[in-house]
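Down below is the structure, laid out as structure tokens.
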Amino acid sequence: MKYTKHIGLILTISLFLACNEDFLEPVPENVISSENYFLNDDQIESGVIGIYDAIQGINSTSTNDNRGVQQEFYVTEMRSDNTRTKNQEGEAAQFESYAVTPNNGIVENYYKSTYNAIYRANLVLENLDNASASAAPIFEGEAKFARAYSYFNLVRLFGDVPLVDRVISPLDKETAYTRVSTSEIYQLIVSDLETAANNLENGEYSRASKASAEALLAKVHLTLGNYLEAQTLCESIMTYGYALEPNFNDVFYNEGNNEILFAIVYNPGIETDSQDFSAEFMNGVGRTVGVNYVTEDAVAFLDTNGGDARTPFSYRVDPFQPSQNQVVKYLPNGEDGGADGKTFESDATLSGNDWVVLRYADVLLMHVESILAGGQETSTQAALNSFQLVRNRAGLTDIVTNITKQDLLNERRAELAFENQRLFDLLRFGEAQSVLSALSVANNYSFSATDLLLPIPQREINLSNGLMSQNPGY
């Protein structure tokens, strides 16, 4: 990660965690002892950075390594109408065709990676009494933001999941493998984000902040139908000085710009600190033959709805295979791959592109959604103002006087294409089943309503010894 402070302590905690392979599961058999570590601010700070490191994931070919957010596009974007694989082969193709099995290794890795981040957050929270009075609230805010972020992804992807809100003993199988209701998970998420928003100030985009906690909480409230709460949060963020980048492309290649509320950061050229998802989106420069390729449906949509400022910086024709279309929001290290689309000056599999999680355009569109409040349309001026800002940046300067639910869903698809938002948007707007059913029919896929949730990894079912049930349809 892009941190230079506390490097020695970060390496120390990394060694602790690397030696403890079983912490990858919800029940760690050899937890780090708080009696000999996390004794002061510096050590707890290294633990906080370790949480971000877990979300960042390991750039690796080993199935035993937690890949974190680097594989998130499989379980989100590729299960929407936006992207697919190039050759429809292997585990990756299961996502686009809605034929995911409980033994899918990518699903298992994402599940355990997310619980890894939760474990590290709980470890920091358990040791807050050892922090100074000034640092403890900040550590708490960052850890609770990360835990809420992780659980928000889990509950939307898997439904009911185990609620592990503390460091548990190796014998506590009941907590580790008992799935609790989504409503109970959401109670923890809301509580954690409220604490984070209260405890944190605005600062580094690479770490949790007041604005990022409020933005994530706004999205949670929209998911729960709490529209007034979401509107209040969005309007709070709108006073903090964030702004849209004038050039759409700069959002992704001018890292740390004034539009970014929170991003997962990477450094190029170092396997332990870089990412490979940028290379995976290309042809022949990653470790696969091309995934997260743009669907024909998304191409047709963006050509019609994206606006001149967004479409060229969202997808392009694959220079090496012109029948295919590539995502270009995350070209490896900003390079275009040359005329053949695969010749990079640097190693594309060791890219340093940050992964943007929350940005101001999303906040503006959430503001519109909160005012729409589950209705079919709105002409409220505050909503029109926020909507118009996003449209203007895209070069679509015609004056908007009314916004329908479909207008907003379309705008989110065009603005946030390939940012792992589309599936969650379809779910939140209540359109996932109809849109994905139509996609399935058009492409001879096997979508059914039960595919809106992923399967619980079979390995977790087996380890639970009967405590854990599987999602319907698997």
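Labels used: A, B, ... for chains in the order of the structure tokens, numbers from 1 for residues in each chain, and numbers from 1 for ligands as shown.
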Looking only at helix (DSSP H, G or I) from DSSP on the backbone, list the matching residues of segment 266-399 of chain A as a PyMOL selection string. chain A and resi 277-280+296-305+311-313+332-334+348-350+360-372+381-393
Would you export the selected residues with N, CA and C atoms as a CSV table (one decimal), in the first residue's frame, please?
chain,number,residue,atom,x,y,z
A,277,PHE,N,-5.5,-7.0,-11.6
A,277,PHE,CA,-6.8,-7.0,-12.2
A,277,PHE,C,-6.8,-6.1,-13.5
A,278,SER,N,-5.9,-5.1,-13.5
A,278,SER,CA,-5.8,-4.3,-14.7
A,278,SER,C,-5.3,-5.2,-15.9
A,279,ALA,N,-4.4,-6.0,-15.7
A,279,ALA,CA,-3.9,-6.9,-16.7
A,279,ALA,C,-4.9,-7.9,-17.1
A,280,GLU,N,-5.7,-8.4,-16.2
A,280,GLU,CA,-6.8,-9.4,-16.5
A,280,GLU,C,-7.8,-8.8,-17.4
A,296,GLU,N,-21.9,-7.1,-25.3
A,296,GLU,CA,-22.5,-6.4,-26.5
A,296,GLU,C,-23.6,-5.4,-25.9
A,297,ASP,N,-24.4,-5.9,-24.9
A,297,ASP,CA,-25.4,-5.0,-24.3
A,297,ASP,C,-24.8,-3.8,-23.8
A,298,ALA,N,-23.7,-3.9,-23.1
A,298,ALA,CA,-23.1,-2.7,-22.5
A,298,ALA,C,-22.5,-1.7,-23.5
A,299,VAL,N,-21.9,-2.3,-24.6
A,299,VAL,CA,-21.4,-1.5,-25.7
A,299,VAL,C,-22.6,-0.7,-26.3
A,300,ALA,N,-23.7,-1.4,-26.6
A,300,ALA,CA,-24.8,-0.7,-27.3
A,300,ALA,C,-25.3,0.4,-26.3
A,301,PHE,N,-25.4,0.1,-25.0
A,301,PHE,CA,-25.9,1.1,-24.1
A,301,PHE,C,-25.0,2.3,-24.0
A,302,LEU,N,-23.7,2.1,-23.9
A,302,LEU,CA,-22.7,3.2,-23.7
A,302,LEU,C,-22.6,4.0,-25.0
A,303,ASP,N,-22.7,3.4,-26.1
A,303,ASP,CA,-22.7,4.2,-27.4
A,303,ASP,C,-23.9,5.1,-27.5
A,304,THR,N,-25.0,4.7,-26.8
A,304,THR,CA,-26.2,5.5,-26.9
A,304,THR,C,-26.3,6.5,-25.7
A,305,ASN,N,-25.9,6.1,-24.5
A,305,ASN,CA,-26.1,6.8,-23.3
A,305,ASN,C,-24.9,7.4,-22.6
A,311,THR,N,-17.7,7.5,-22.9
A,311,THR,CA,-17.6,6.3,-23.7
A,311,THR,C,-16.1,5.9,-24.1
A,312,PRO,N,-15.3,6.8,-24.6
A,312,PRO,CA,-14.0,6.4,-25.0
A,312,PRO,C,-13.1,6.0,-23.9
A,313,PHE,N,-13.4,6.5,-22.7
A,313,PHE,CA,-12.7,6.2,-21.5
A,313,PHE,C,-13.3,5.1,-20.6
A,332,PRO,N,-3.4,-0.9,-17.4
A,332,PRO,CA,-2.3,-1.2,-16.5
A,332,PRO,C,-1.3,0.0,-16.5
A,333,ASN,N,-1.2,0.6,-15.3
A,333,ASN,CA,-0.3,1.8,-15.1
A,333,ASN,C,-0.6,2.9,-16.1
A,334,GLY,N,-1.8,3.0,-16.7
A,334,GLY,CA,-2.2,4.0,-17.6
A,334,GLY,C,-1.7,3.8,-19.0
A,348,ALA,N,2.5,-5.6,-16.9
A,348,ALA,CA,1.1,-5.3,-16.7
A,348,ALA,C,0.5,-6.1,-15.5
A,349,THR,N,1.1,-7.2,-15.2
A,349,THR,CA,0.6,-8.0,-14.0
A,349,THR,C,1.1,-7.4,-12.7
A,350,LEU,N,1.9,-6.3,-12.7
A,350,LEU,CA,2.3,-5.7,-11.5
A,350,LEU,C,1.9,-4.2,-11.5
A,360,TYR,N,-17.1,11.2,-5.8
A,360,TYR,CA,-18.2,12.2,-5.6
A,360,TYR,C,-19.3,12.1,-6.6
A,361,ALA,N,-19.1,11.6,-7.8
A,361,ALA,CA,-20.2,11.4,-8.8
A,361,ALA,C,-21.2,10.4,-8.2
A,362,ASP,N,-20.7,9.4,-7.6
A,362,ASP,CA,-21.6,8.4,-7.0
A,362,ASP,C,-22.4,9.1,-5.9
A,363,VAL,N,-21.8,10.0,-5.1
A,363,VAL,CA,-22.6,10.7,-4.0
A,363,VAL,C,-23.7,11.5,-4.6
A,364,LEU,N,-23.3,12.3,-5.7
A,364,LEU,CA,-24.4,13.1,-6.4
A,364,LEU,C,-25.5,12.3,-6.9
A,365,LEU,N,-25.2,11.1,-7.5
A,365,LEU,CA,-26.3,10.3,-8.0
A,365,LEU,C,-27.1,9.6,-6.8
A,366,MET,N,-26.4,9.3,-5.7
A,366,MET,CA,-27.1,8.8,-4.5
A,366,MET,C,-28.0,9.9,-4.0
A,367,HIS,N,-27.6,11.1,-4.1
A,367,HIS,CA,-28.4,12.3,-3.6
A,367,HIS,C,-29.7,12.3,-4.4
A,368,VAL,N,-29.6,12.1,-5.7
A,368,VAL,CA,-30.8,12.0,-6.6
A,368,VAL,C,-31.7,10.9,-6.1
A,369,GLU,N,-31.1,9.7,-5.9
A,369,GLU,CA,-31.8,8.5,-5.5
A,369,GLU,C,-32.5,8.7,-4.2
A,370,SER,N,-31.9,9.4,-3.3
A,370,SER,CA,-32.5,9.6,-2.0
A,370,SER,C,-33.7,10.5,-2.1
A,371,ILE,N,-33.7,11.5,-3.0
A,371,ILE,CA,-34.8,12.4,-3.2
A,371,ILE,C,-35.9,11.7,-4.0
A,372,LEU,N,-35.6,10.8,-4.9
A,372,LEU,CA,-36.5,10.0,-5.6
A,372,LEU,C,-37.3,9.1,-4.7
A,381,GLN,N,-35.8,20.4,-7.5
A,381,GLN,CA,-34.7,21.1,-8.0
A,381,GLN,C,-33.3,20.6,-7.5
A,382,ALA,N,-33.3,20.2,-6.2
A,382,ALA,CA,-32.0,19.7,-5.6
A,382,ALA,C,-31.6,18.4,-6.3
A,383,ALA,N,-32.5,17.6,-6.7
A,383,ALA,CA,-32.1,16.4,-7.4
A,383,ALA,C,-31.7,16.7,-8.8
A,384,LEU,N,-32.4,17.6,-9.5
A,384,LEU,CA,-32.0,18.1,-10.8
A,384,LEU,C,-30.6,18.7,-10.9
A,385,ASN,N,-30.3,19.4,-9.8
A,385,ASN,CA,-29.0,20.1,-9.8
A,385,ASN,C,-27.8,19.0,-9.7
A,386,SER,N,-28.0,18.0,-8.8
A,386,SER,CA,-27.0,17.0,-8.7
A,386,SER,C,-26.9,16.1,-10.0
A,387,PHE,N,-28.0,15.8,-10.5
A,387,PHE,CA,-28.0,15.0,-11.8
A,387,PHE,C,-27.4,15.8,-12.9
A,388,GLN,N,-27.6,17.1,-13.0
A,388,GLN,CA,-27.1,17.9,-14.1
A,388,GLN,C,-25.6,18.0,-14.0
A,389,LEU,N,-25.0,18.1,-12.8
A,389,LEU,CA,-23.6,18.2,-12.6
A,389,LEU,C,-22.9,17.0,-13.3
A,390,VAL,N,-23.4,15.8,-13.0
A,390,VAL,CA,-22.8,14.6,-13.6
A,390,VAL,C,-23.0,14.6,-15.1
A,391,ARG,N,-24.2,14.9,-15.6
A,391,ARG,CA,-24.4,15.0,-17.0
A,391,ARG,C,-23.5,16.0,-17.7
A,392,ASN,N,-23.4,17.2,-17.1
A,392,ASN,CA,-22.6,18.2,-17.7
A,392,ASN,C,-21.1,17.7,-17.9
A,393,ARG,N,-20.6,17.1,-16.9
A,393,ARG,CA,-19.2,16.6,-17.0
A,393,ARG,C,-19.0,15.6,-18.2
All residues 12 Å or closer to Pro457 of chain A, only C-alpha atoms, same chain fewer than 4 positions away omitted, as a list in words: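 Near Pro457 of chain A, the qualifying residues are Glu25, Val100, Thr101, Pro102, Asn103, Asn104, Gly105, Ile106, Val107, Glu108, Asn109, Tyr110, Tyr111, Lys112, Phe158, Val161, Tyr177, Leu453, Ile461, Asn462, Leu463, Ser464, Met468, Ser469, Gln470, Asn471 and Tyr474 of chain A.
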Using only C-alpha atoms, determine which residues lie at most 12 Å from Glu431 of chain A, disregarding the query and same-chain residues fewer than 3 positions distant; provide the list as a PyMOL selection string. chain A and resi 80-81+405-406+409-410+422-428+434-438+449+452
Expressed in Å, the length from atom CA of Gly141 of chain A to atom CA of Ser183 of chain A is 22.0 Å
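Of the residues under consideration (A:Tyr119, A:Phe320, A:Tyr149, A:Phe73), A:Tyr149 shows the shortest atom-to-atom contact distance to Ala213 of chain A when counting only C-alpha atoms.
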Rank A:Lys210, A:Arg79, A:Lys173, A:Arg67 by their smallest atom-to-atom distance to Phe447 of chain A, using only C-alpha atoms, and report the top residue only.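 Closest to Phe447 of chain A, using only C-alpha atoms: A:Arg79.
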Please identify all polymer residues within 8 Å of Asn130 of chain A, counting only C-alpha atoms, omitting same-chain residues fewer than 2 positions from it, and present them as a ChimeraX atom specification. /A:38-41,127-128,132
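The spacing separating atom CA of Tyr445 of chain A from atom CA of Gln321 of chain A amounts to 23.8 Å.
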In Å, rounded to a single decimal, give me how far atom CA of Ile260 of chain A is from atom CA of Tyr240 of chain A.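 Atom-to-atom, atom CA of Tyr240 of chain A to atom CA of Ile260 of chain A, that is 12.2 Å.
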Nearest candidate to Gln421 of chain A (options A:Arg459, A:Arg359, A:Arg310, A:Lys144; using only C-alpha atoms):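 Among the listed residues, the smallest separation from Gln421 of chain A belongs to A:Arg359.
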Show which residues sit within 8 Å of segment 83-88 of chain A, as a ChimeraX atom specification. Count only C-alpha atoms, and ignore same-chain residues fewer than 3 positions away. /A:77-80,92-93,95-96,289-295,298,324,418
For Tyr186 of chain A, which residue out of A:Glu72, A:Glu201, A:Asp160, A:Glu45 is the nearest one, using only C-alpha atoms?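 Smallest distance to Tyr186 of chain A is found for A:Asp160.
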Long-range neighbours of Ser150 of chain A as number ranges by chain, 10 Å cut-off, only C-alpha atoms, 5 positions minimum in chain: A: 55, 111, 113-118, 121, 144-145, 155, 189
Give the answer as one residue: which of A:Gly286, A:Gly374, A:Ile237, A:Asn153 has the shortest atom-to-atom distance to Gly68 of chain A, using only C-alpha atoms?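 Nearest candidate to Gly68 of chain A out of A:Gly286, A:Gly374, A:Ile237, A:Asn153: A:Asn153.
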Running DSSP on the backbone, which parts of segment 182-352 of chain A land in strand (DSSP E), as a list in words?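 For segment 182-352 of chain A, the strand (DSSP E) set is Ile260, Leu261, Phe262, Ala263, Ile264, Tyr293, Val294, Tyr315, Arg316, Val317, Asn325, Gln326 and Val327 of chain A.
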Just write the chosen residues, all heavy atoms, as an mmCIF file, in the first residue's frame.
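Final file, part_29.cif:
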data_model
loop_
_atom_site.group_PDB
_atom_site.id
_atom_site.type_symbol
_atom_site.label_atom_id
_atom_site.label_comp_id
_atom_site.auth_asym_id
_atom_site.auth_seq_id
_atom_site.Cartn_x
_atom_site.Cartn_y
_atom_site.Cartn_z
ATOM 1 N N ILE A 260 -12.174 11.663 -5.426
ATOM 2 C CA ILE A 260 -12.069 10.364 -4.749
ATOM 3 C C ILE A 260 -12.284 10.521 -3.251
ATOM 4 O O ILE A 260 -11.552 11.241 -2.570
ATOM 5 C CB ILE A 260 -10.696 9.719 -5.002
ATOM 6 C CG1 ILE A 260 -10.408 9.630 -6.495
ATOM 7 C CG2 ILE A 260 -10.634 8.342 -4.350
ATOM 8 C CD1 ILE A 260 -11.424 8.868 -7.296
ATOM 9 N N LEU A 261 -13.286 9.809 -2.738
ATOM 10 C CA LEU A 261 -13.504 9.770 -1.285
ATOM 11 C C LEU A 261 -12.699 8.644 -0.650
ATOM 12 O O LEU A 261 -12.151 8.806 0.441
ATOM 13 C CB LEU A 261 -14.991 9.569 -0.971
ATOM 14 C CG LEU A 261 -15.886 10.808 -0.979
ATOM 15 C CD1 LEU A 261 -16.042 11.372 -2.382
ATOM 16 C CD2 LEU A 261 -17.252 10.483 -0.380
ATOM 17 N N PHE A 262 -12.663 7.491 -1.334
ATOM 18 C CA PHE A 262 -11.929 6.352 -0.781
ATOM 19 C C PHE A 262 -11.522 5.421 -1.912
ATOM 20 O O PHE A 262 -12.324 5.121 -2.800
ATOM 21 C CB PHE A 262 -12.786 5.584 0.231
ATOM 22 C CG PHE A 262 -12.111 4.372 0.812
ATOM 23 C CD1 PHE A 262 -10.985 4.502 1.617
ATOM 24 C CD2 PHE A 262 -12.592 3.097 0.560
ATOM 25 C CE1 PHE A 262 -10.358 3.380 2.151
ATOM 26 C CE2 PHE A 262 -11.976 1.975 1.095
ATOM 27 C CZ PHE A 262 -10.855 2.117 1.893
ATOM 28 N N ALA A 263 -10.271 4.992 -1.890
ATOM 29 C CA ALA A 263 -9.766 4.051 -2.884
ATOM 30 C C ALA A 263 -8.842 3.053 -2.214
ATOM 31 O O ALA A 263 -8.192 3.354 -1.198
ATOM 32 C CB ALA A 263 -9.024 4.786 -4.000
ATOM 33 N N ILE A 264 -8.783 1.860 -2.788
ATOM 34 C CA ILE A 264 -7.806 0.861 -2.375
ATOM 35 C C ILE A 264 -6.556 1.112 -3.201
ATOM 36 O O ILE A 264 -6.603 1.075 -4.432
ATOM 37 C CB ILE A 264 -8.322 -0.575 -2.629
ATOM 38 C CG1 ILE A 264 -9.704 -0.767 -2.000
ATOM 39 C CG2 ILE A 264 -7.330 -1.602 -2.104
ATOM 40 C CD1 ILE A 264 -9.761 -0.556 -0.525
ATOM 41 N N TYR A 293 -14.480 -8.604 -19.903
ATOM 42 C CA TYR A 293 -14.675 -8.014 -21.217
ATOM 43 C C TYR A 293 -16.090 -7.445 -21.311
ATOM 44 O O TYR A 293 -17.022 -7.946 -20.680
ATOM 45 C CB TYR A 293 -14.453 -9.059 -22.312
ATOM 46 C CG TYR A 293 -13.030 -9.092 -22.825
ATOM 47 C CD1 TYR A 293 -11.951 -9.101 -21.949
ATOM 48 C CD2 TYR A 293 -12.764 -9.095 -24.184
ATOM 49 C CE1 TYR A 293 -10.652 -9.122 -22.409
ATOM 50 C CE2 TYR A 293 -11.462 -9.123 -24.663
ATOM 51 C CZ TYR A 293 -10.404 -9.126 -23.770
ATOM 52 O OH TYR A 293 -9.113 -9.142 -24.238
ATOM 53 N N VAL A 294 -16.256 -6.415 -22.121
ATOM 54 C CA VAL A 294 -17.523 -5.682 -22.177
ATOM 55 C C VAL A 294 -18.540 -6.447 -23.024
ATOM 56 O O VAL A 294 -18.231 -6.906 -24.125
ATOM 57 C CB VAL A 294 -17.296 -4.274 -22.751
ATOM 58 C CG1 VAL A 294 -18.588 -3.465 -22.719
ATOM 59 C CG2 VAL A 294 -16.199 -3.557 -21.969
ATOM 60 N N TYR A 315 -14.712 1.934 -22.502
ATOM 61 C CA TYR A 315 -14.377 0.706 -23.225
ATOM 62 C C TYR A 315 -13.721 1.045 -24.554
ATOM 63 O O TYR A 315 -13.819 2.178 -25.043
ATOM 64 C CB TYR A 315 -15.622 -0.154 -23.447
ATOM 65 C CG TYR A 315 -16.377 0.163 -24.721
ATOM 66 C CD1 TYR A 315 -16.062 -0.495 -25.914
ATOM 67 C CD2 TYR A 315 -17.387 1.126 -24.741
ATOM 68 C CE1 TYR A 315 -16.735 -0.187 -27.087
ATOM 69 C CE2 TYR A 315 -18.066 1.420 -25.903
ATOM 70 C CZ TYR A 315 -17.734 0.767 -27.084
ATOM 71 O OH TYR A 315 -18.395 1.069 -28.246
ATOM 72 N N ARG A 316 -13.052 0.069 -25.132
ATOM 73 C CA ARG A 316 -12.474 0.212 -26.460
ATOM 74 C C ARG A 316 -12.504 -1.134 -27.169
ATOM 75 O O ARG A 316 -12.587 -2.192 -26.520
ATOM 76 C CB ARG A 316 -11.041 0.715 -26.397
ATOM 77 C CG ARG A 316 -10.044 -0.317 -25.875
ATOM 78 C CD ARG A 316 -8.615 0.180 -25.943
ATOM 79 N NE ARG A 316 -7.683 -0.860 -25.489
ATOM 80 C CZ ARG A 316 -6.382 -0.653 -25.328
ATOM 81 N NH1 ARG A 316 -5.869 0.546 -25.555
ATOM 82 N NH2 ARG A 316 -5.588 -1.639 -24.926
ATOM 83 N N VAL A 317 -12.385 -1.116 -28.460
ATOM 84 C CA VAL A 317 -12.227 -2.341 -29.240
ATOM 85 C C VAL A 317 -10.864 -2.929 -28.915
ATOM 86 O O VAL A 317 -9.855 -2.217 -28.839
ATOM 87 C CB VAL A 317 -12.347 -2.048 -30.744
ATOM 88 C CG1 VAL A 317 -12.015 -3.296 -31.569
ATOM 89 C CG2 VAL A 317 -13.738 -1.535 -31.085
ATOM 90 N N ASN A 325 -14.371 -6.339 -26.908
ATOM 91 C CA ASN A 325 -14.264 -4.986 -26.352
ATOM 92 C C ASN A 325 -13.731 -5.052 -24.928
ATOM 93 O O ASN A 325 -14.167 -5.882 -24.126
ATOM 94 C CB ASN A 325 -15.635 -4.303 -26.359
ATOM 95 C CG ASN A 325 -16.143 -4.071 -27.765
ATOM 96 O OD1 ASN A 325 -15.677 -3.172 -28.462
ATOM 97 N ND2 ASN A 325 -17.094 -4.883 -28.217
ATOM 98 N N GLN A 326 -12.779 -4.168 -24.636
ATOM 99 C CA GLN A 326 -12.087 -4.178 -23.352
ATOM 100 C C GLN A 326 -12.522 -3.019 -22.460
ATOM 101 O O GLN A 326 -12.825 -1.931 -22.938
ATOM 102 C CB GLN A 326 -10.577 -4.042 -23.565
ATOM 103 C CG GLN A 326 -9.921 -5.149 -24.351
ATOM 104 C CD GLN A 326 -8.457 -4.852 -24.625
ATOM 105 O OE1 GLN A 326 -8.069 -3.698 -24.764
ATOM 106 N NE2 GLN A 326 -7.648 -5.888 -24.706
ATOM 107 N N VAL A 327 -12.487 -3.253 -21.160
ATOM 108 C CA VAL A 327 -12.607 -2.182 -20.168
ATOM 109 C C VAL A 327 -11.316 -1.377 -20.191
ATOM 110 O O VAL A 327 -10.229 -1.944 -20.171
ATOM 111 C CB VAL A 327 -12.823 -2.770 -18.758
ATOM 112 C CG1 VAL A 327 -12.728 -1.677 -17.697
ATOM 113 C CG2 VAL A 327 -14.163 -3.482 -18.676
#
